[in-house]
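Undergrad: You'll find entry_19.txt just under this line, and it carries compact mmCIF, C-alpha atoms.
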# COMPACT_ATOMS: atom_id res chain seq x y z
CA MET P 1 9.87 14.01 -5.49
CA LYS P 2 10.75 14.23 -1.85
CA LYS P 3 9.09 16.72 0.47
CA ARG P 4 12.41 18.59 0.85
CA GLU P 5 12.56 19.05 -2.94
CA VAL P 6 9.06 20.54 -2.97
CA ASP P 7 10.26 22.86 -0.19
CA HIS P 8 13.19 23.90 -2.36
CA VAL P 9 10.92 24.79 -5.30
CA LEU P 10 8.67 26.83 -3.01
CA ARG P 11 11.65 28.66 -1.55
CA ALA P 12 12.89 29.58 -5.01
CA ALA P 13 9.38 30.56 -6.16
CA GLY P 14 9.03 32.94 -3.23
CA ARG P 15 12.35 34.65 -3.97
CA ILE P 16 11.51 35.09 -7.65
CA THR P 17 7.96 36.44 -7.27
CA GLY P 18 7.93 37.96 -3.80
CA GLU P 19 4.81 35.88 -3.11
CA ARG P 20 4.52 34.06 0.21
CA GLN P 21 1.73 31.59 -0.63
CA PHE P 22 1.31 29.20 -3.52
CA ILE P 23 -1.34 26.64 -4.32
CA ILE P 24 0.16 23.27 -5.24
CA ILE P 25 -1.88 21.48 -7.90
CA GLY P 26 -0.91 18.02 -9.14
CA SER P 27 0.47 14.85 -7.57
CA GLN P 28 2.95 16.76 -5.39
CA SER P 29 -0.02 18.18 -3.47
CA LEU P 30 -0.23 14.78 -1.73
CA HIS P 31 2.68 15.95 0.41
CA GLY P 32 0.15 18.12 2.24
CA LYS P 33 -1.45 15.17 4.03
CA TYR P 34 1.19 12.54 3.33
CA PRO P 35 4.70 14.08 3.42
CA ASP P 36 6.38 10.66 3.62
CA LEU P 37 4.81 8.99 0.60
CA PRO P 38 7.02 6.61 -1.40
CA ASP P 39 8.58 7.94 -4.62
CA ASP P 40 6.58 5.59 -6.84
CA LEU P 41 3.40 7.55 -6.10
CA VAL P 42 4.83 11.08 -6.41
CA ARG P 43 7.26 10.28 -9.19
CA SER P 44 6.76 13.43 -11.32
CA PHE P 45 9.57 15.97 -11.42
CA GLU P 46 7.46 19.13 -11.53
CA VAL P 47 5.60 21.07 -8.86
CA ASP P 48 2.47 22.68 -10.32
CA LEU P 49 2.29 26.10 -8.67
CA MET P 50 -0.11 29.01 -8.73
CA ALA P 51 0.47 32.25 -6.83
CA LEU P 52 -2.43 32.69 -4.42
CA LYS P 53 -2.78 36.47 -4.25
CA LYS P 54 -1.11 37.81 -7.40
CA ALA P 55 -1.89 35.14 -9.95
CA ASP P 56 -0.29 37.17 -12.74
CA ARG P 57 3.10 36.59 -11.12
CA THR P 58 2.76 32.85 -11.57
CA GLU P 59 4.25 33.09 -15.06
CA TRP P 60 7.45 34.45 -13.53
CA LEU P 61 8.11 30.90 -12.40
CA GLU P 62 9.21 30.01 -15.92
CA VAL P 63 12.64 31.06 -14.64
CA ILE P 64 12.73 27.82 -12.64
CA GLY P 65 10.53 25.90 -15.05
CA ALA P 66 11.14 23.02 -17.46
CA TYR P 67 14.54 23.11 -19.22
CA SER P 68 15.71 26.04 -17.10
CA SER P 69 19.12 26.07 -15.47
CA PHE P 70 17.30 25.27 -12.20
CA HIS P 71 15.83 22.15 -13.81
CA GLU P 72 19.18 21.14 -15.27
CA SER P 73 20.91 21.63 -11.92
CA PHE P 74 18.46 19.81 -9.65
CA GLY P 75 16.42 17.52 -11.89
CA TYR P 76 13.06 19.02 -10.83
CA TYR P 77 11.29 22.28 -11.56
CA ALA P 78 8.25 24.51 -11.09
CA ASP P 79 5.35 24.32 -13.54
CA PRO P 80 3.35 27.58 -13.47
CA VAL P 81 -0.41 26.86 -13.76
CA ASP P 82 -3.72 28.67 -13.35
CA GLN P 83 -7.21 27.74 -12.23
CA LYS P 84 -8.07 26.51 -15.73
CA THR P 85 -5.36 23.84 -15.51
CA ALA P 86 -7.49 21.44 -13.49
CA THR P 87 -11.23 20.83 -13.30
CA LEU P 88 -12.06 20.67 -9.61
CA PRO P 89 -15.18 20.14 -7.47
CA LYS P 90 -16.93 23.18 -6.03
CA GLY P 91 -15.51 24.36 -2.73
CA TRP P 92 -12.02 22.97 -3.36
CA LYS P 93 -10.30 26.08 -2.01
CA GLY P 94 -11.97 25.57 1.36
CA ARG P 95 -10.44 22.09 1.53
CA LEU P 96 -6.84 23.10 0.82
CA VAL P 97 -4.29 21.47 3.11
CA ASN P 98 -1.24 23.25 4.50
CA LEU P 99 2.06 21.74 3.47
CA PRO P 100 3.83 20.69 6.69
CA PRO P 101 6.60 23.07 7.83
CA GLY P 102 9.95 22.73 6.10
CA ASP P 103 12.86 24.68 4.65
CA THR P 104 10.75 27.08 2.56
CA ASP P 105 12.08 30.38 3.88
CA GLY P 106 8.60 31.16 5.19
CA VAL P 107 6.80 30.47 1.90
CA ARG P 108 3.57 28.50 2.39
CA GLY P 109 2.31 25.74 0.18
CA LEU P 110 -1.44 25.09 0.06
CA CYS P 111 -2.15 21.61 -1.29
CA LEU P 112 -5.23 20.12 -2.89
CA ASP P 113 -7.14 17.66 -0.76
CA PRO P 114 -6.38 14.16 -2.13
CA HIS P 115 -10.02 13.66 -3.17
CA ASP P 116 -10.08 16.93 -5.12
CA LEU P 117 -6.79 15.93 -6.72
CA ALA P 118 -8.21 12.55 -7.70
CA ILE P 119 -11.28 14.15 -9.32
CA ALA P 120 -9.02 16.41 -11.38
CA LYS P 121 -7.07 13.34 -12.52
CA TYR P 122 -10.25 11.46 -13.42
CA VAL P 123 -11.40 14.41 -15.55
CA ALA P 124 -8.07 14.68 -17.38
CA ARG P 125 -7.49 10.92 -17.45
CA PRO P 126 -4.25 10.50 -19.44
CA GLU P 127 -2.74 7.01 -19.17
CA LYS P 128 -0.32 7.94 -16.37
CA ASP P 129 -3.23 9.30 -14.32
CA MET P 130 -5.13 6.03 -14.73
CA ILE P 131 -2.33 4.32 -12.83
CA PHE P 132 -2.18 7.16 -10.30
CA THR P 133 -5.87 7.10 -9.35
CA GLY P 134 -5.76 3.31 -9.08
CA GLU P 135 -2.91 3.60 -6.59
CA LEU P 136 -4.80 6.21 -4.56
CA ALA P 137 -7.69 3.77 -4.24
CA ARG P 138 -5.51 0.73 -3.55
CA ARG P 139 -3.59 2.48 -0.77
CA GLY P 140 -6.72 3.81 0.92
CA ILE P 141 -5.77 7.45 0.38
CA VAL P 142 -9.20 8.21 -1.08
CA SER P 143 -12.64 6.70 -0.47
CA GLN P 144 -15.12 5.75 -3.16
CA GLU P 145 -18.06 7.33 -1.36
CA ARG P 146 -16.30 10.68 -0.99
CA LEU P 147 -15.18 10.70 -4.63
CA LEU P 148 -18.70 10.06 -5.89
CA SER P 149 -20.04 12.82 -3.66
CA LEU P 150 -17.50 15.33 -4.98
CA LEU P 151 -18.07 14.21 -8.55
CA ASP P 152 -21.65 15.44 -8.26
CA GLN P 153 -20.21 18.87 -7.41
CA THR P 154 -17.78 18.94 -10.34
CA PRO P 155 -18.60 21.14 -13.37
CA VAL P 156 -18.56 18.49 -16.11
CA GLY P 157 -21.16 17.12 -18.49
CA GLU P 158 -23.26 14.06 -17.68
CA GLU P 159 -21.42 11.95 -20.22
CA THR P 160 -18.09 12.78 -18.57
CA ARG P 161 -19.62 12.22 -15.13
CA ASP P 162 -20.82 8.76 -16.14
CA ARG P 163 -17.40 7.95 -17.56
CA ILE P 164 -15.71 8.99 -14.31
CA ARG P 165 -18.12 6.89 -12.25
CA THR P 166 -17.03 3.90 -14.30
CA TYR P 167 -13.35 4.74 -13.71
CA ILE P 168 -13.92 5.07 -9.97
CA ALA P 169 -15.77 1.76 -9.77
CA LYS P 170 -12.99 0.07 -11.73
CA ASP P 171 -10.25 1.46 -9.47
CA PHE P 172 -11.97 0.30 -6.30
CA SER P 173 -12.94 -3.03 -7.80
CA ALA P 174 -9.27 -3.65 -8.63
CA GLY P 175 -8.33 -2.70 -5.08
CA GLY P 176 -10.96 -5.11 -3.73
CA THR P 177 -9.57 -7.88 -5.93
CA LEU P 178 -6.13 -7.37 -4.49
CA SER P 179 -7.54 -7.44 -0.97
CA GLU P 180 -9.61 -10.52 -1.70
CA SER P 181 -6.60 -12.29 -3.16
CA SER P 182 -4.62 -11.51 -0.03
CA GLU P 183 -7.43 -12.84 2.16
CA GLN P 184 -7.66 -16.01 0.09
CA SER P 185 -3.93 -16.52 0.42
CA ALA P 186 -4.15 -16.09 4.20
CA SER P 187 -7.06 -18.52 4.31
CA ARG P 188 -5.10 -21.13 2.38
CA GLU P 189 -2.16 -20.77 4.75
CA GLN P 190 -4.47 -21.11 7.76
CA ARG P 191 -5.97 -24.30 6.32
CA ARG P 192 -2.50 -25.68 5.65
CA GLN P 193 -1.40 -24.97 9.20
CA THR P 194 -4.59 -26.52 10.57
CA ALA P 195 -4.07 -29.65 8.49
CA LYS P 196 -0.46 -29.85 9.61
CA SER P 197 -1.46 -29.49 13.27
CA SER P 198 -4.19 -32.10 12.88
CA ALA P 199 -1.80 -34.57 11.24
CA PHE P 200 0.77 -33.97 13.96
CA LYS P 201 -1.80 -34.62 16.71
CA GLU P 202 -3.00 -37.75 14.93
CA MET P 203 0.56 -39.03 14.63
CA LYS P 204 1.20 -38.37 18.31
CA ALA P 205 -1.95 -40.30 19.18
CA ILE P 206 -0.81 -43.24 17.03
CA ARG P 207 2.61 -43.25 18.63
CA ALA P 208 1.09 -43.02 22.10
CA LYS P 209 -1.17 -45.96 21.32
CA SER P 210 1.80 -47.92 19.97
CA ARG P 211 3.71 -47.15 23.15
CA GLU P 212 0.76 -48.27 25.26
CA ASN P 213 0.48 -51.53 23.34
CA TRP P 214 4.21 -52.08 23.60
CA LEU P 215 4.16 -51.59 27.37
CA LYS P 216 1.30 -54.06 27.64
CA LEU P 217 3.18 -56.64 25.59
CA ARG P 218 6.36 -55.88 27.53
CA ARG P 219 4.64 -56.59 30.82
CA GLN P 220 3.24 -59.81 29.44
CA GLN P 221 6.65 -60.85 28.10
CA THR P 222 8.31 -59.96 31.39
CA ALA P 223 5.80 -62.06 33.27
CA LYS P 224 6.47 -64.99 30.93
CA SER P 225 10.23 -64.57 31.23
CA HIS P 226 9.99 -65.25 34.96
CA GLU P 227 8.29 -68.54 34.37
CA PRO P 228 10.51 -71.64 34.74
CA GLY P 229 12.28 -72.52 31.43
CA ALA P 230 11.28 -69.25 29.66
CA ASP P 231 13.36 -68.06 26.60
CA SER P 232 14.61 -64.45 26.64
CA THR P 233 14.74 -64.17 22.81
CA GLY P 234 11.23 -62.80 22.57
CA SER P 235 12.07 -60.09 25.10
CA ARG P 236 15.08 -58.92 23.03
CA GLU P 237 13.01 -58.84 19.85
CA LEU P 238 10.41 -56.71 21.59
CA ASP P 239 13.12 -54.26 22.70
CA ASP P 240 14.38 -53.96 19.12
CA ALA P 241 10.87 -53.31 17.90
CA ALA P 242 10.46 -50.57 20.49
CA LYS P 243 13.45 -48.73 19.06
CA ASP P 244 11.75 -48.62 15.67
CA ALA P 245 8.32 -47.65 17.00
CA GLY P 246 7.15 -44.46 15.29
CA LYS P 247 10.37 -44.26 13.25
CA GLY P 248 9.88 -41.92 10.27
CA ALA P 249 6.58 -40.60 11.63
CA ASP P 250 7.75 -36.98 11.43
CA GLU P 251 8.64 -37.44 7.78
CA ASP P 252 4.96 -38.02 6.97
CA LEU P 253 3.86 -34.67 8.39
CA PRO P 254 2.80 -32.15 5.73
CA GLN P 255 5.49 -29.53 5.08
Represent the supplied structure as structure tokens.
TA:
Amino acid sequence: MKKREVDHVLRAAGRITGERQFIIIGSQSLHGKYPDLPDDLVRSFEVDLMALKKADRTEWLEVIGAYSSFHESFGYYADPVDQKTATLPKGWKGRLVNLPPGDTDGVRGLCLDPHDLAIAKYVARPEKDMIFTGELARRGIVSQERLLSLLDQTPVGEETRDRIRTYIAKDFSAGGTLSESSEQSASREQRRQTAKSSAFKEMKAIRAKSRENWLKLRRQQTAKSHEPGADSTGSRELDDAAKDAGKGADEDLPQ
């Protein structure tokens, strides 16, 4: 979803409930810190919303929920949720991020911090969220150290905590592999360019040496040609050889 579409859902939610502030839980909360994220990261069509002050009004959002006329008209919808929907680290409310200003008719969106969002995804861990958390790590949106710190403040059992640590390590290991592969590729290209430059310099040196030898022979031939009874054939042959000196040298350079 685009940021403007999230704005539209908020605007409609405010008109339906009379509420002016909603907490955005789910992938669309990334718009709080990153309003220009590509669609492949915030590809879901729902905005998980919870009324901040009058939570009981959240259920009113079913009017613009899944399979509603709103959904059918625009292709996206509101998904009313509560605090039990996601398992979050302690203190998550103090880390909420304001959705940047937009066409919301004055309705405010309070978004999860990306690290809190990631922890919630790790706890739930359906297949689509496995891809999502991996992308958060790969793109540098979350840090491994911060995730591990927040995990210690998340109300889950030790078995689940250990499982999540494994998931986090895997996500960042995959990101490191991608980075390492990129560095290796750059290193290979640098070596290729160095080899090419070295070969070019070597070829220039050979050609310069050939030119130097030719000039030396040319001077010797010229001196001989001025001697009484000298034949000019050798001089012409030397000139023809000069035209071919270094011919095809560039073709031997590495491409």
Undergrad: Just to confirm, what's the straight-line distance from CA of Ser73 in chain P to CA of Phe45 in chain P in Å (one decimal)?
TA: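 Going from CA of Ser73 in chain P over to CA of Phe45 in chain P covers 12.7 Å.
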Undergrad: Report, in Å with one decimal, the straight-line distance from CA of Asn98 in chain P to CA of Gly134 in chain P.
TA: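 Between these atoms lies a distance of 24.5 Å.
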Undergrad: Work out how far CA of Gly26 in chain P is from CA of Lys128 in chain P, in Å to one decimal.
TA: 12.4 Å
Undergrad: Return the padded bounding box of range 156-161 of chain P as lines of an AutoDock Vina configuration file: axis-aligned, built from all atoms listed in the file, 6 Å added on each side, with centre and edge lengths in Å to one decimal.
TA:
center_x = -20.7
center_y = 15.2
center_z = -17.7
size_x = 17.2
size_y = 18.5
size_z = 17.1
Undergrad: Would you mind telling me which residue in P:Ala13, P:Arg108, P:Arg20, P:Pro80 lies nearest to Glu46 in chain P when using only C-alpha atoms?
TA: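 Using only C-alpha atoms, Glu46 in chain P sits closest to P:Pro80.
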Undergrad: Within 8 Å of Leu151 in chain P, counting all atoms listed in the file, which residues show up once you throw out same-chain ones fewer than 6 positions away? Write them as a PyMOL selection string, please.
TA: chain P and resi 89+119+161
Undergrad: When you look at Tyr34 in chain P with a cut-off of 10 Å (counting all atoms listed in the file), what residues show up, excluding the ones that are within fewer than 2 positions of it in the same chain? I need them as a list in words.
TA: Lys3, Gln28, Ser29, Leu30, His31, Gly32, Asp36, Leu37, Pro38, Leu99, Pro100, Pro114 and Ile141 of chain P
Undergrad: Under the rule that all atoms listed in the file are counted, which of P:Asp113, P:Glu135, P:Asp162, P:Asp48 is the nearest residue to Val6 in chain P?
TA: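 The answer is P:Asp48, which sits nearest to Val6 in chain P.
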Undergrad: Model the absent atoms of range 20-44 of chain P so that N, CA, C and O atoms are present, and write the result as a tab-separated table (two decimals), in the coordinates of the input.
TA:
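Output saved as result_26.tsv:
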chain	number	residue	atom	x	y	z
P	20	ARG	N	4.26	34.89	-0.97
P	20	ARG	CA	4.52	34.06	0.21
P	20	ARG	C	3.60	32.84	0.29
P	20	ARG	O	3.75	32.00	1.18
P	21	GLN	N	2.63	32.73	-0.63
P	21	GLN	CA	1.73	31.59	-0.63
P	21	GLN	C	1.48	31.12	-2.06
P	21	GLN	O	1.20	31.93	-2.94
P	22	PHE	N	1.57	29.81	-2.22
P	22	PHE	CA	1.31	29.20	-3.52
P	22	PHE	C	0.40	27.99	-3.34
P	22	PHE	O	0.52	27.24	-2.36
P	23	ILE	N	-0.50	27.84	-4.29
P	23	ILE	CA	-1.34	26.64	-4.32
P	23	ILE	C	-0.60	25.58	-5.12
P	23	ILE	O	-0.11	25.85	-6.23
P	24	ILE	N	-0.50	24.38	-4.56
P	24	ILE	CA	0.16	23.27	-5.24
P	24	ILE	C	-0.92	22.38	-5.84
P	24	ILE	O	-1.76	21.82	-5.14
P	25	ILE	N	-0.92	22.30	-7.17
P	25	ILE	CA	-1.88	21.48	-7.90
P	25	ILE	C	-1.10	20.36	-8.59
P	25	ILE	O	-0.05	20.60	-9.17
P	26	GLY	N	-1.62	19.14	-8.54
P	26	GLY	CA	-0.91	18.02	-9.14
P	26	GLY	C	-0.51	17.01	-8.08
P	26	GLY	O	-0.81	17.17	-6.89
P	27	SER	N	0.17	15.96	-8.49
P	27	SER	CA	0.47	14.85	-7.57
P	27	SER	C	1.29	15.28	-6.36
P	27	SER	O	1.17	14.69	-5.29
P	28	GLN	N	2.13	16.32	-6.52
P	28	GLN	CA	2.95	16.76	-5.39
P	28	GLN	C	2.11	17.35	-4.25
P	28	GLN	O	2.59	17.50	-3.12
P	29	SER	N	0.85	17.66	-4.54
P	29	SER	CA	-0.02	18.18	-3.47
P	29	SER	C	-0.31	17.11	-2.42
P	29	SER	O	-0.75	17.43	-1.31
P	30	LEU	N	-0.04	15.84	-2.73
P	30	LEU	CA	-0.23	14.78	-1.73
P	30	LEU	C	0.68	14.97	-0.52
P	30	LEU	O	0.40	14.45	0.56
P	31	HIS	N	1.77	15.70	-0.71
P	31	HIS	CA	2.68	15.95	0.41
P	31	HIS	C	2.00	16.74	1.52
P	31	HIS	O	2.50	16.77	2.65
P	32	GLY	N	0.87	17.38	1.21
P	32	GLY	CA	0.15	18.12	2.24
P	32	GLY	C	-0.31	17.22	3.37
P	32	GLY	O	-0.06	17.49	4.54
P	33	LYS	N	-0.97	16.11	3.02
P	33	LYS	CA	-1.45	15.17	4.03
P	33	LYS	C	-0.49	14.01	4.26
P	33	LYS	O	-0.50	13.40	5.33
P	34	TYR	N	0.32	13.72	3.24
P	34	TYR	CA	1.19	12.54	3.33
P	34	TYR	C	2.61	12.92	2.92
P	34	TYR	O	3.06	12.60	1.81
P	35	PRO	N	3.35	13.61	3.79
P	35	PRO	CA	4.70	14.08	3.42
P	35	PRO	C	5.73	12.97	3.27
P	35	PRO	O	6.81	13.22	2.75
P	36	ASP	N	5.40	11.76	3.69
P	36	ASP	CA	6.38	10.66	3.62
P	36	ASP	C	5.98	9.59	2.62
P	36	ASP	O	6.37	8.43	2.74
P	37	LEU	N	5.23	9.96	1.61
P	37	LEU	CA	4.81	8.99	0.60
P	37	LEU	C	6.01	8.44	-0.17
P	37	LEU	O	7.00	9.15	-0.38
P	38	PRO	N	5.93	7.18	-0.61
P	38	PRO	CA	7.02	6.61	-1.40
P	38	PRO	C	7.13	7.29	-2.77
P	38	PRO	O	6.16	7.82	-3.30
P	39	ASP	N	8.32	7.25	-3.35
P	39	ASP	CA	8.58	7.94	-4.62
P	39	ASP	C	7.73	7.42	-5.76
P	39	ASP	O	7.45	8.15	-6.71
P	40	ASP	N	7.32	6.14	-5.71
P	40	ASP	CA	6.58	5.59	-6.84
P	40	ASP	C	5.20	6.20	-7.00
P	40	ASP	O	4.58	6.07	-8.06
P	41	LEU	N	4.71	6.91	-5.99
P	41	LEU	CA	3.40	7.55	-6.10
P	41	LEU	C	3.53	9.02	-6.48
P	41	LEU	O	2.66	9.58	-7.14
P	42	VAL	N	4.60	9.67	-6.07
P	42	VAL	CA	4.83	11.08	-6.41
P	42	VAL	C	6.10	11.17	-7.26
P	42	VAL	O	7.06	11.85	-6.93
P	43	ARG	N	6.07	10.45	-8.38
P	43	ARG	CA	7.26	10.28	-9.19
P	43	ARG	C	7.53	11.43	-10.16
P	43	ARG	O	8.60	11.49	-10.77
P	44	SER	N	6.56	12.33	-10.37
P	44	SER	CA	6.76	13.43	-11.32
P	44	SER	C	7.86	14.36	-10.82
P	44	SER	O	8.15	14.43	-9.63
